[in-house]
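Raw work.txt, compact mmCIF, C-alpha atoms:
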# COMPACT_ATOMS: atom_id res chain seq x y z
CA MET L 1 11.75 -27.05 -10.80
CA THR L 2 8.58 -28.03 -12.63
CA GLY L 3 5.75 -29.20 -10.41
CA THR L 4 7.08 -27.51 -7.29
CA THR L 5 6.25 -24.22 -5.65
CA VAL L 6 8.60 -21.95 -3.77
CA PRO L 7 7.10 -20.45 -0.61
CA VAL L 8 7.41 -16.68 -0.34
CA CYS L 9 7.55 -15.15 3.15
CA THR L 10 5.08 -12.51 4.27
CA VAL L 11 7.66 -9.73 4.24
CA ASN L 12 8.60 -10.53 0.65
CA ARG L 13 4.93 -10.44 -0.35
CA LEU L 14 4.58 -7.00 1.23
CA LEU L 15 7.73 -5.66 -0.37
CA ALA L 16 7.24 -7.10 -3.86
CA PRO L 17 4.64 -4.48 -4.99
CA LEU L 18 6.94 -1.71 -3.75
CA LEU L 19 10.00 -2.78 -5.73
CA PRO L 20 9.08 -0.96 -8.96
CA ARG L 21 8.68 2.22 -6.89
CA ALA L 22 11.60 1.59 -4.55
CA PHE L 23 13.15 4.97 -5.31
CA LEU L 24 9.99 6.82 -4.26
CA VAL L 25 9.50 4.59 -1.22
CA ILE L 26 12.98 5.35 0.07
CA LEU L 27 12.53 9.07 -0.63
CA ALA L 28 9.37 9.05 1.46
CA ALA L 29 10.95 6.99 4.24
CA VAL L 30 13.80 9.48 4.53
CA ILE L 31 11.95 12.77 4.02
CA LEU L 32 8.63 12.36 5.83
CA PRO L 33 9.84 11.62 9.38
CA ARG L 34 12.46 14.36 9.14
CA ILE L 35 9.95 16.92 7.94
CA LEU L 36 7.68 15.95 10.83
CA LEU L 37 10.57 16.39 13.26
CA PHE L 38 11.42 19.78 11.72
CA PHE L 39 7.85 21.01 12.24
CA TYR L 40 7.66 19.46 15.71
CA LEU L 41 10.73 21.52 16.67
CA GLY L 42 9.09 24.62 15.25
CA GLY L 43 11.93 25.08 12.81
CA GLU L 44 14.43 25.46 15.67
CA LEU L 45 17.59 23.49 16.25
CA PRO L 46 17.13 20.87 18.98
CA GLN L 47 18.43 21.10 22.53
CA PRO L 48 20.74 20.46 24.29
CA GLY L 49 23.05 22.48 22.09
CA ARG L 50 26.12 20.18 22.33
CA ASP L 51 28.72 21.08 19.68
CA GLN L 52 26.33 22.81 17.29
CA ALA L 53 27.66 26.28 18.06
CA LEU L 54 31.17 25.35 16.92
CA TYR L 55 30.04 24.11 13.52
CA ILE L 56 27.69 27.03 12.97
CA HIS L 57 30.41 29.47 14.02
CA THR L 58 33.11 28.02 11.76
CA ALA L 59 30.65 27.85 8.85
CA GLY L 60 29.84 31.52 9.46
CA GLN L 61 33.55 32.36 9.49
CA ILE L 62 33.97 30.68 6.10
CA VAL L 63 30.96 32.50 4.62
CA SER L 64 32.26 35.84 5.88
CA GLY L 65 35.60 35.29 4.19
CA GLU L 66 37.61 34.55 7.36
CA GLY L 67 38.30 30.96 6.36
CA PHE L 68 38.31 27.96 8.66
CA SER L 69 39.05 29.77 11.94
CA PHE L 70 37.60 30.95 15.25
CA SER L 71 36.79 34.57 16.03
CA SER L 72 38.10 36.44 19.07
CA ASP L 73 34.47 36.89 20.20
CA LEU L 74 34.04 33.13 20.57
CA GLY L 75 37.32 32.87 22.47
CA LEU L 76 36.14 35.55 24.88
CA MET L 77 32.76 33.87 25.34
CA LYS L 78 34.38 30.51 26.14
CA ASN L 79 36.67 32.27 28.61
CA LEU L 80 33.81 34.00 30.45
CA ARG L 81 31.62 30.90 30.72
CA ASN L 82 34.03 28.86 32.86
CA THR L 83 34.83 29.40 36.52
CA SER L 84 38.31 29.42 37.95
CA ASP L 85 37.81 26.10 39.78
CA SER L 86 36.61 24.18 36.70
CA PRO L 87 38.99 21.78 34.93
CA GLN L 88 37.94 23.50 31.72
CA GLN L 89 39.80 26.62 32.82
CA HIS L 90 42.96 24.94 31.55
CA TRP L 91 41.87 25.12 27.93
CA THR L 92 39.62 28.19 28.11
CA GLY L 93 41.65 30.45 30.39
CA ASP L 94 43.32 32.34 27.56
CA GLU L 95 40.70 34.11 25.45
CA SER L 96 43.15 34.50 22.59
CA TYR L 97 43.22 30.69 22.10
CA MET L 98 40.42 28.21 21.42
CA PHE L 99 40.73 24.99 23.42
CA GLY L 100 44.07 26.34 24.63
CA LEU L 101 45.47 25.28 21.25
CA ALA L 102 44.28 27.38 18.32
CA PRO L 103 44.98 31.12 18.16
CA VAL L 104 41.80 33.05 17.36
CA ASP L 105 41.42 34.96 14.10
CA THR L 106 43.96 32.72 12.35
CA PRO L 107 43.64 29.55 10.22
CA THR L 108 43.28 26.43 12.34
CA ALA L 109 43.38 22.66 12.02
CA VAL L 110 41.88 22.09 15.45
CA MET L 111 38.90 20.09 14.12
CA GLU L 112 37.74 18.42 10.92
CA PRO L 113 36.79 20.95 8.22
CA GLY L 114 34.35 18.94 6.11
CA TYR L 115 31.01 19.59 7.77
CA SER L 116 31.76 23.26 8.39
CA VAL L 117 32.67 23.79 4.72
CA LEU L 118 29.50 22.07 3.52
CA LEU L 119 27.37 23.96 6.02
CA ALA L 120 28.96 27.21 4.82
CA LEU L 121 27.96 26.28 1.27
CA PHE L 122 24.36 25.75 2.35
CA PHE L 123 24.43 29.00 4.35
CA SER L 124 25.56 30.74 1.15
CA LEU L 125 22.67 29.21 -0.78
CA PHE L 126 19.83 29.44 1.75
CA GLY L 127 21.07 31.74 4.50
CA ALA L 128 22.25 31.00 8.06
CA VAL L 129 18.96 29.40 9.06
CA SER L 130 17.97 26.05 10.55
CA GLY L 131 16.55 25.04 7.17
CA SER L 132 20.09 24.99 5.80
CA VAL L 133 21.11 22.51 8.49
CA PHE L 134 18.02 20.42 7.79
CA SER L 135 18.67 20.43 4.02
CA LEU L 136 22.33 19.41 4.36
CA ASN L 137 21.53 16.60 6.77
CA LEU L 138 18.62 15.48 4.60
CA LEU L 139 20.98 15.16 1.65
CA PHE L 140 23.31 12.97 3.71
CA ALA L 141 20.39 10.86 4.93
CA LEU L 142 19.25 10.26 1.35
CA GLY L 143 22.77 9.27 0.33
CA GLY L 144 23.05 6.88 3.26
CA ALA L 145 19.68 5.25 2.60
CA PHE L 146 20.40 4.58 -1.08
CA ALA L 147 23.88 3.32 -0.22
CA VAL L 148 22.38 0.83 2.25
CA ARG L 149 19.93 -0.33 -0.39
CA LYS L 150 22.66 -0.93 -2.97
CA LEU L 151 25.02 -2.52 -0.44
CA VAL L 152 22.39 -5.11 0.51
CA MET L 153 20.70 -5.49 -2.88
CA ASP L 154 23.94 -6.35 -4.67
CA VAL L 155 24.47 -9.32 -2.37
CA TRP L 156 21.12 -10.37 -0.92
CA GLY L 157 18.57 -9.24 -3.47
CA ALA L 158 16.09 -6.42 -4.06
CA GLN L 159 13.65 -7.21 -1.24
CA SER L 160 16.36 -7.29 1.40
CA GLY L 161 17.89 -4.12 -0.02
CA LEU L 162 14.61 -2.20 0.13
CA MET L 163 13.86 -3.48 3.64
CA ALA L 164 17.31 -2.46 4.91
CA ALA L 165 17.00 1.01 3.36
CA ILE L 166 13.58 1.57 4.95
CA LEU L 167 14.79 0.44 8.38
CA TRP L 168 17.86 2.71 8.10
CA SER L 169 15.72 5.64 6.99
CA ILE L 170 13.18 5.49 9.81
CA TYR L 171 15.52 4.39 12.63
CA PRO L 172 14.57 6.92 15.36
CA PRO L 173 18.11 7.96 16.48
CA PHE L 174 19.07 8.61 12.85
CA VAL L 175 15.98 10.77 12.41
CA TYR L 176 16.62 12.56 15.72
CA TYR L 177 20.19 13.58 14.90
CA SER L 178 19.25 14.79 11.42
CA ALA L 179 18.03 18.02 13.05
CA TYR L 180 21.39 18.77 14.69
CA ALA L 181 24.02 21.08 13.22
CA MET L 182 26.65 18.45 13.92
CA THR L 183 28.42 15.69 12.03
CA GLU L 184 26.29 12.77 13.28
CA THR L 185 24.05 12.35 10.22
CA ALA L 186 27.02 12.77 7.89
CA HIS L 187 28.84 10.10 9.91
CA PHE L 188 25.92 7.65 9.65
CA ALA L 189 25.69 8.20 5.91
CA MET L 190 29.37 8.27 4.94
CA LEU L 191 30.02 5.03 6.81
CA MET L 192 27.45 3.30 4.62
CA ILE L 193 28.54 5.01 1.39
CA SER L 194 32.21 4.11 1.90
CA SER L 195 31.30 0.56 2.98
CA MET L 196 29.06 0.04 -0.05
CA LEU L 197 31.86 1.10 -2.40
CA LEU L 198 34.44 -0.99 -0.56
CA LEU L 199 32.33 -4.14 -0.72
CA SER L 200 31.89 -3.56 -4.45
CA ALA L 201 35.67 -3.30 -4.78
CA GLY L 202 36.01 -6.51 -2.79
CA ARG L 203 33.94 -8.28 -5.43
CA GLY L 204 36.26 -7.01 -8.17
CA GLU L 205 33.85 -4.38 -9.49
CA GLY L 206 36.49 -1.67 -9.78
CA LYS L 207 35.28 0.71 -7.05
CA GLY L 208 38.53 0.86 -5.09
CA PHE L 209 39.38 4.46 -6.01
CA LEU L 210 35.84 5.68 -5.25
CA ALA L 211 35.91 3.82 -1.94
CA GLY L 212 39.13 5.62 -1.05
CA VAL L 213 37.71 9.00 -2.03
CA ALA L 214 34.55 8.35 -0.01
CA THR L 215 36.61 7.35 3.02
CA GLY L 216 38.75 10.46 2.59
CA VAL L 217 35.67 12.70 2.48
CA PHE L 218 34.39 10.80 5.51
CA PHE L 219 37.67 11.52 7.30
CA LEU L 220 37.35 15.24 6.56
CA ILE L 221 34.01 15.11 8.38
CA ARG L 222 34.91 12.69 11.20
CA ALA L 223 38.53 11.74 11.85
CA THR L 224 37.31 8.34 13.10
CA ALA L 225 37.40 7.27 9.45
CA LEU L 226 41.21 7.07 9.59
CA PHE L 227 40.86 3.81 11.53
CA LEU L 228 38.81 2.41 8.66
CA VAL L 229 41.65 2.67 6.14
CA PRO L 230 43.83 -0.23 7.43
CA PHE L 231 40.64 -2.20 8.08
CA GLN L 232 39.51 -1.66 4.48
CA ILE L 233 42.94 -2.57 3.13
CA ALA L 234 42.92 -5.77 5.20
CA TYR L 235 39.49 -6.67 3.81
CA LEU L 236 40.64 -6.15 0.22
CA ALA L 237 43.76 -8.23 0.92
CA TRP L 238 41.52 -10.99 2.28
CA ARG L 239 39.52 -10.82 -0.98
CA LYS L 240 42.82 -10.79 -2.95
CA GLN L 241 41.94 -7.51 -4.64
CA TRP L 242 45.49 -6.17 -4.84
CA LYS L 243 44.86 -3.44 -7.41
CA ALA L 244 41.86 -2.24 -5.42
CA MET L 245 44.12 -1.83 -2.37
CA LEU L 246 46.36 0.56 -4.32
CA PHE L 247 43.40 2.45 -5.78
CA LEU L 248 41.80 2.73 -2.33
CA SER L 249 44.97 4.28 -0.90
CA ALA L 250 45.28 6.62 -3.87
CA GLY L 251 41.65 7.72 -3.58
CA PHE L 252 42.03 8.48 0.11
CA LEU L 253 45.17 10.55 -0.51
CA VAL L 254 43.48 12.48 -3.33
CA ALA L 255 40.54 13.36 -1.06
CA VAL L 256 42.61 14.51 1.92
CA SER L 257 45.46 16.19 0.03
CA PRO L 258 43.74 19.62 -0.31
CA TRP L 259 43.36 19.71 3.48
CA MET L 260 47.01 18.80 4.00
CA VAL L 261 48.25 21.32 1.42
CA ARG L 262 46.12 24.03 3.03
CA ASN L 263 47.62 23.20 6.44
CA TRP L 264 51.13 23.22 4.99
CA ILE L 265 50.55 26.70 3.62
CA SER L 266 48.67 28.08 6.65
CA LEU L 267 50.36 26.28 9.55
CA GLY L 268 53.74 25.33 8.12
CA GLU L 269 53.18 21.55 8.19
CA PRO L 270 51.00 19.14 6.14
CA VAL L 271 48.84 18.27 9.16
CA LEU L 272 46.43 15.37 8.66
CA MET L 273 44.81 14.71 12.05
CA PRO L 274 42.91 17.52 13.82
CA THR L 275 45.11 19.05 16.51
CA LYS L 276 42.31 18.87 19.07
CA GLY L 277 42.89 15.11 19.18
CA SER L 278 45.62 15.73 21.77
CA LEU L 279 43.15 17.57 24.01
CA ASN L 280 40.62 14.75 23.66
CA LEU L 281 43.30 12.22 24.58
CA TRP L 282 44.20 14.25 27.68
CA MET L 283 40.61 14.92 28.76
CA ARG L 284 39.13 11.48 28.22
CA ASN L 285 41.59 9.79 30.60
CA ASN L 286 41.74 12.51 33.23
CA PRO L 287 39.74 11.48 36.36
CA GLU L 288 39.01 15.10 37.22
CA VAL L 289 37.47 15.75 33.82
CA LEU L 290 35.72 12.37 33.72
CA ALA L 291 34.01 13.23 37.01
CA LEU L 292 32.25 16.10 35.23
CA GLU L 293 30.59 13.46 33.06
CA GLY L 294 29.61 11.29 36.03
CA ILE L 295 32.47 8.80 35.57
CA PHE L 296 34.25 8.21 38.88
CA VAL L 297 37.43 6.15 39.09
CA PRO L 298 37.23 3.68 42.05
CA ASP L 299 39.61 4.24 44.96
CA ASN L 300 41.25 0.86 44.39
CA ILE L 301 42.43 1.91 40.90
CA PRO L 302 45.80 3.67 41.30
CA VAL L 303 46.42 6.83 39.28
CA ASN L 304 50.14 7.18 38.60
CA ASP L 305 52.22 10.17 37.49
CA LEU L 306 49.67 12.79 38.50
CA SER L 307 52.05 15.50 37.33
CA LEU L 308 51.18 14.52 33.77
CA LEU L 309 47.58 15.52 34.44
CA GLU L 310 48.66 19.09 34.97
CA TYR L 311 47.80 20.97 31.82
CA PRO L 312 51.14 21.86 30.23
CA SER L 313 52.16 25.47 30.66
CA THR L 314 51.71 26.87 27.19
CA ASP L 315 52.86 30.44 27.87
CA SER L 316 56.24 29.64 26.37
CA ILE L 317 54.81 27.43 23.59
CA PRO L 318 53.65 29.52 20.65
CA GLY L 319 51.39 28.20 17.96
CA GLU L 320 48.80 25.49 17.54
CA LEU L 321 51.02 22.63 16.42
CA ALA L 322 53.59 23.02 19.19
CA ARG L 323 50.88 23.24 21.85
CA SER L 324 49.13 20.18 20.47
CA ARG L 325 52.36 18.18 20.47
CA ALA L 326 53.16 19.15 24.07
CA LEU L 327 49.69 18.18 25.28
CA GLY L 328 49.72 14.96 23.26
CA ALA L 329 53.07 13.93 24.73
CA SER L 330 51.77 14.42 28.29
CA ALA L 331 48.61 12.46 27.48
CA ARG L 332 50.49 9.53 25.93
CA ASN L 333 52.99 9.30 28.79
CA TYR L 334 50.13 9.35 31.27
CA ILE L 335 48.34 6.54 29.41
CA PHE L 336 51.45 4.32 29.37
CA SER L 337 51.93 4.98 33.10
CA ASN L 338 48.42 3.78 33.97
CA PRO L 339 47.70 0.42 32.32
CA ARG L 340 45.27 -0.68 35.04
CA LEU L 341 43.30 2.54 34.78
CA MET L 342 43.17 2.21 30.99
CA VAL L 343 41.81 -1.35 31.24
CA TRP L 344 39.12 -0.15 33.67
CA LEU L 345 38.21 2.79 31.47
CA GLY L 346 38.18 0.62 28.34
CA TRP L 347 35.81 -1.88 29.94
CA ASN L 348 33.46 0.87 31.11
CA ARG L 349 33.55 2.58 27.73
CA ALA L 350 32.68 -0.70 26.04
CA ILE L 351 29.67 -1.05 28.34
CA ASP L 352 28.71 2.58 27.72
CA PHE L 353 29.06 1.97 23.99
CA LEU L 354 26.30 -0.65 24.22
CA ALA L 355 24.06 1.36 26.55
CA PRO L 356 20.54 2.51 25.55
CA GLY L 357 21.55 6.18 25.73
CA GLY L 358 20.29 7.91 28.87
CA SER L 359 22.94 10.62 29.11
CA THR L 360 22.90 11.17 25.37
CA LEU L 361 19.22 11.12 24.51
CA GLY L 362 17.56 11.81 27.88
CA THR L 363 15.23 9.58 29.91
CA ARG L 364 12.68 9.10 27.15
CA GLY L 365 15.51 8.46 24.73
CA MET L 366 16.96 5.84 27.05
CA ILE L 367 13.63 4.00 27.22
CA ALA L 368 13.34 4.13 23.44
CA GLY L 369 16.98 3.14 23.18
CA LEU L 370 16.28 -0.21 24.82
CA VAL L 371 15.39 -1.33 21.29
CA ILE L 372 19.14 -1.74 20.75
CA TYR L 373 19.13 -5.09 22.57
CA PRO L 374 16.49 -6.86 20.43
CA LEU L 375 18.02 -5.08 17.44
CA ILE L 376 21.43 -6.61 18.19
CA LEU L 377 19.86 -10.03 18.85
CA PHE L 378 17.82 -10.23 15.66
CA GLY L 379 20.51 -8.45 13.67
CA VAL L 380 23.15 -10.98 14.67
CA LEU L 381 20.77 -13.83 13.83
CA GLY L 382 20.15 -12.34 10.40
CA LEU L 383 23.87 -11.91 9.73
CA TRP L 384 24.55 -15.43 11.03
CA ARG L 385 22.32 -16.80 8.27
CA SER L 386 24.73 -15.23 5.77
CA ARG L 387 27.94 -16.00 7.64
CA HIS L 388 29.39 -17.68 4.54
CA ARG L 389 29.33 -14.36 2.67
CA PRO L 390 32.38 -12.07 2.99
CA GLU L 391 30.09 -9.03 3.13
CA ALA L 392 28.41 -10.33 6.30
CA VAL L 393 31.81 -10.95 7.87
CA PHE L 394 32.82 -7.39 6.97
CA LEU L 395 29.71 -5.88 8.57
CA PHE L 396 30.16 -7.72 11.84
CA ALA L 397 33.90 -6.90 11.90
CA LEU L 398 32.98 -3.24 11.31
CA PHE L 399 30.94 -3.24 14.50
CA VAL L 400 33.80 -4.86 16.44
CA LEU L 401 36.23 -2.25 15.09
CA TYR L 402 34.02 0.62 16.28
CA LEU L 403 33.60 -1.03 19.67
CA LEU L 404 37.36 -1.41 20.14
CA VAL L 405 38.23 2.08 18.88
CA HIS L 406 35.75 3.79 21.16
CA ALA L 407 36.52 1.57 24.14
CA LEU L 408 40.08 2.87 23.87
CA ALA L 409 39.06 6.48 23.24
CA HIS L 410 35.60 7.50 24.43
CA GLY L 411 32.49 5.36 24.41
CA GLY L 412 28.85 6.28 24.45
CA VAL L 413 25.78 5.81 22.34
CA ARG L 414 26.59 8.61 19.91
CA TYR L 415 29.68 6.68 18.84
CA ARG L 416 27.82 3.37 18.52
CA LEU L 417 24.93 4.72 16.46
CA PRO L 418 26.75 4.62 13.10
CA VAL L 419 27.24 0.85 13.38
CA ASP L 420 23.66 0.25 14.47
CA ALA L 421 23.28 0.08 10.69
CA VAL L 422 25.01 -3.31 10.84
CA PHE L 423 22.16 -4.75 12.89
CA LEU L 424 19.46 -2.94 10.90
CA ILE L 425 20.85 -4.72 7.84
CA GLY L 426 20.91 -7.98 9.80
CA VAL L 427 17.23 -7.55 10.72
CA ALA L 428 16.41 -7.00 7.04
CA LEU L 429 18.28 -10.19 6.11
CA GLY L 430 16.49 -12.13 8.84
CA THR L 431 12.99 -10.97 7.91
CA CYS L 432 13.31 -11.31 4.12
CA CYS L 433 13.32 -14.81 2.67
CA GLY L 434 15.69 -16.15 0.08
CA GLU L 435 19.43 -16.55 -0.24
CA GLY L 436 19.80 -13.53 -2.47
CA LYS L 437 22.27 -13.41 -5.31
CA LYS L 438 24.69 -16.23 -5.96
Rewritten as structure tokens:
Amino acid sequence: MTGTTVPVCTVNRLLAPLLPRAFLVILAAVILPRILLFFYLGGELPQPGRDQALYIHTAGQIVSGEGFSFSSDLGLMKNLRNTSDSPQQHWTGDESYMFGLAPVDTPTAVMEPGYSVLLALFFSLFGAVSGSVFSLNLLFALGGAFAVRKLVMDVWGAQSGLMAAILWSIYPPFVYYSAYAMTETAHFAMLMISSMLLLSAGRGEGKGFLAGVATGVFFLIRATALFLVPFQIAYLAWRKQWKAMLFLSAGFLVAVSPWMVRNWISLGEPVLMPTKGSLNLWMRNNPEVLALEGIFVPDNIPVNDLSLLEYPSTDSIPGELARSRALGASARNYIFSNPRLMVWLGWNRAIDFLAPGGSTLGTRGMIAGLVIYPLILFGVLGLWRSRHRPEAVFLFALFVLYLLVHALAHGGVRYRLPVDAVFLIGVALGTCCGEGKK
């Protein structure tokens, strides 16, 4: 209005000169800290190793023409590394099978193929070196940062979008995991890319098919994405975007169909979920295995049907799919027989989900991880300011979904980190002034 002035907050004043160069600012925010980490590590992959060897091995198998499979050498190594009194002997005792499920030197569906295939592509281009891992993860980080910017900018304006992208780019855990030959960075990024496209579809901008494809690609990297599909459909139904619901489903099916066709040809069935899911279900609720991770079930919690904890005898069960079904059946029956134990485990996993990260990131990482509590506080306050916007409701519901899924399955900071982005966005909304777009 004439004769009035609109106050501009300090953060907006700082960001305004950067807006014309937002692309370069985000590039720098993503690349510089990751290059510094790469040089700090001396070009080596970080320790502890975790699951890096599996992804590097399967990528190497693909490059060498063996396809998505495990070699007999890896099966033998897994067999030799475990002692006879370890619970792991159950799924490493037979060197001709990986995880007690997948025969070596044959096509497998034991884990998601996406990251291994992409890593194999980068190995083909640059060689089997740590720089290939760094380059692949850097590409995902760039995609995630620009997706965050667009997600926020389309609703809350350019300043908030740039602020959210910068926060996402320099968030220390995201930088830390970008050096690992694992799916973490891809997970962080694909969650934001698929969410950005979904929210566009929710506004009637015709991105339903792309959202489905992105979620399908996400699923091929981390099977967790399967739980997003009904959640996304529910969101589109809430926004009354009926055509987008159909296009989302079609896009997801298009993305995952090559994987299912491959499994039909190689394994005899159009398998969608990785077969190792049955082993995870069995392990993550087994007190003996949980004790290896420092999780001890109290004496006052009864454990029923202990016979179901005995690893099924697989000598008479040939093949990956049959073994996975047998193990999955035992795991499900055990879960239904122990409701009190499941409630206790779910509560503890929920707490672990919100922890700073001692067991995951080490002592120094745990101290640094304490930032999660002010991050949640200020992030929630920022989202609360926009509670009338469907996109803010979606972001908060996304965090709740992840919390529930991993409380039922397996908690921990690594599984919370992807939805830390929700609170990073909330902080950006709380620190940047203005109501954004109308």
Just want the 12 Å neighbourhood of Ser330 of chain L, counted on all atoms listed in the file, with same-chain residues fewer than 6 positions away dropped. Output as a CSV table (one decimal) with C-alpha atoms, in the coordinates of the input.
chain,number,residue,atom,x,y,z
L,278,SER,CA,45.6,15.7,21.8
L,279,LEU,CA,43.2,17.6,24.0
L,281,LEU,CA,43.3,12.2,24.6
L,282,TRP,CA,44.2,14.2,27.7
L,283,MET,CA,40.6,14.9,28.8
L,285,ASN,CA,41.6,9.8,30.6
L,286,ASN,CA,41.7,12.5,33.2
L,305,ASP,CA,52.2,10.2,37.5
L,306,LEU,CA,49.7,12.8,38.5
L,307,SER,CA,52.0,15.5,37.3
L,308,LEU,CA,51.2,14.5,33.8
L,309,LEU,CA,47.6,15.5,34.4
L,310,GLU,CA,48.7,19.1,35.0
L,311,TYR,CA,47.8,21.0,31.8
L,312,PRO,CA,51.1,21.9,30.2
L,313,SER,CA,52.2,25.5,30.7
L,323,ARG,CA,50.9,23.2,21.8
L,324,SER,CA,49.1,20.2,20.5
L,336,PHE,CA,51.4,4.3,29.4
L,337,SER,CA,51.9,5.0,33.1
Exercise. Which distance in Å separates atom CA of Asp420 of chain L and atom CA of Tyr176 of chain L, to one decimal?
Worked result: 14.2 Å
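Across L:Ala201, L:Ala164, L:Leu341, L:Val289, the tightest approach to Gln241 of chain L is made by L:Ala201 when counting all atoms listed in the file.
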For this session: Kindly give the distance, in Å, that separates atom CA of Leu142 of chain L and atom CA of His187 of chain L, rounded to a single decimal.
Result: 12.9 Å
For this session: Write out as a VMD selection string which residues come within 10 Å of segment 226-238 of chain L when counting only C-alpha atoms, dropping same-chain ones fewer than 5 positions away.
Result: chain L and resid 191 194 to 195 198 to 199 201 to 204 208 211 to 212 215 to 216 218 to 220 243 to 246 248 to 249 252 272 to 273 390 to 391 393 to 394 397 to 398 401 to 402 405
Residue selection dump (C-alpha atoms) as a PDB file, in the frame of the given file:
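And here is the file that came out, out_39.pdb:
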ATOM      1  CA  LEU L 191      30.020   5.030   6.810  1.00  0.00           C
ATOM      2  CA  SER L 194      32.210   4.110   1.900  1.00  0.00           C
ATOM      3  CA  SER L 195      31.300   0.560   2.980  1.00  0.00           C
ATOM      4  CA  LEU L 198      34.440  -0.990  -0.560  1.00  0.00           C
ATOM      5  CA  LEU L 199      32.330  -4.140  -0.720  1.00  0.00           C
ATOM      6  CA  ALA L 201      35.670  -3.300  -4.780  1.00  0.00           C
ATOM      7  CA  GLY L 202      36.010  -6.510  -2.790  1.00  0.00           C
ATOM      8  CA  ARG L 203      33.940  -8.280  -5.430  1.00  0.00           C
ATOM      9  CA  GLY L 204      36.260  -7.010  -8.170  1.00  0.00           C
ATOM     10  CA  GLY L 208      38.530   0.860  -5.090  1.00  0.00           C
ATOM     11  CA  ALA L 211      35.910   3.820  -1.940  1.00  0.00           C
ATOM     12  CA  GLY L 212      39.130   5.620  -1.050  1.00  0.00           C
ATOM     13  CA  THR L 215      36.610   7.350   3.020  1.00  0.00           C
ATOM     14  CA  GLY L 216      38.750  10.460   2.590  1.00  0.00           C
ATOM     15  CA  PHE L 218      34.390  10.800   5.510  1.00  0.00           C
ATOM     16  CA  PHE L 219      37.670  11.520   7.300  1.00  0.00           C
ATOM     17  CA  LEU L 220      37.350  15.240   6.560  1.00  0.00           C
ATOM     18  CA  LYS L 243      44.860  -3.440  -7.410  1.00  0.00           C
ATOM     19  CA  ALA L 244      41.860  -2.240  -5.420  1.00  0.00           C
ATOM     20  CA  MET L 245      44.120  -1.830  -2.370  1.00  0.00           C
ATOM     21  CA  LEU L 246      46.360   0.560  -4.320  1.00  0.00           C
ATOM     22  CA  LEU L 248      41.800   2.730  -2.330  1.00  0.00           C
ATOM     23  CA  SER L 249      44.970   4.280  -0.900  1.00  0.00           C
ATOM     24  CA  PHE L 252      42.030   8.480   0.110  1.00  0.00           C
ATOM     25  CA  LEU L 272      46.430  15.370   8.660  1.00  0.00           C
ATOM     26  CA  MET L 273      44.810  14.710  12.050  1.00  0.00           C
ATOM     27  CA  PRO L 390      32.380 -12.070   2.990  1.00  0.00           C
ATOM     28  CA  GLU L 391      30.090  -9.030   3.130  1.00  0.00           C
ATOM     29  CA  VAL L 393      31.810 -10.950   7.870  1.00  0.00           C
ATOM     30  CA  PHE L 394      32.820  -7.390   6.970  1.00  0.00           C
ATOM     31  CA  ALA L 397      33.900  -6.900  11.900  1.00  0.00           C
ATOM     32  CA  LEU L 398      32.980  -3.240  11.310  1.00  0.00           C
ATOM     33  CA  LEU L 401      36.230  -2.250  15.090  1.00  0.00           C
ATOM     34  CA  TYR L 402      34.020   0.620  16.280  1.00  0.00           C
ATOM     35  CA  VAL L 405      38.230   2.080  18.880  1.00  0.00           C
TER      36      VAL L 405
END
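Compared by their closest atoms to Gly382 of chain L, and using only C-alpha atoms, the residues L:Val427, L:Leu395, L:Val213, L:Val413 rank with L:Val427 nearest.
We find atom CA of Arg325 of chain L and atom CA of Leu119 of chain L to be spaced 29.4 Å apart.
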For this session: May I have the protein, DNA and RNA residues with an atom at most 10 Å from (20.9, -9.3, 12.6), counting all atoms listed in the file in the file's coordinates, returned as a ChimeraX atom specification?
Result: /L:374-386,392,396,421-431
Using C-alpha atoms, can you export the residues from the last selection as a compact mmCIF listing (two decimals), in the coordinates of the input?
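Wrote it out as part.txt, contents follow:
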# COMPACT_ATOMS: atom_id res chain seq x y z
CA PRO L 374 16.49 -6.86 20.43
CA LEU L 375 18.02 -5.08 17.44
CA ILE L 376 21.43 -6.61 18.19
CA LEU L 377 19.86 -10.03 18.85
CA PHE L 378 17.82 -10.23 15.66
CA GLY L 379 20.51 -8.45 13.67
CA VAL L 380 23.15 -10.98 14.67
CA LEU L 381 20.77 -13.83 13.83
CA GLY L 382 20.15 -12.34 10.40
CA LEU L 383 23.87 -11.91 9.73
CA TRP L 384 24.55 -15.43 11.03
CA ARG L 385 22.32 -16.80 8.27
CA SER L 386 24.73 -15.23 5.77
CA ALA L 392 28.41 -10.33 6.30
CA PHE L 396 30.16 -7.72 11.84
CA ALA L 421 23.28 0.08 10.69
CA VAL L 422 25.01 -3.31 10.84
CA PHE L 423 22.16 -4.75 12.89
CA LEU L 424 19.46 -2.94 10.90
CA ILE L 425 20.85 -4.72 7.84
CA GLY L 426 20.91 -7.98 9.80
CA VAL L 427 17.23 -7.55 10.72
CA ALA L 428 16.41 -7.00 7.04
CA LEU L 429 18.28 -10.19 6.11
CA GLY L 430 16.49 -12.13 8.84
CA THR L 431 12.99 -10.97 7.91
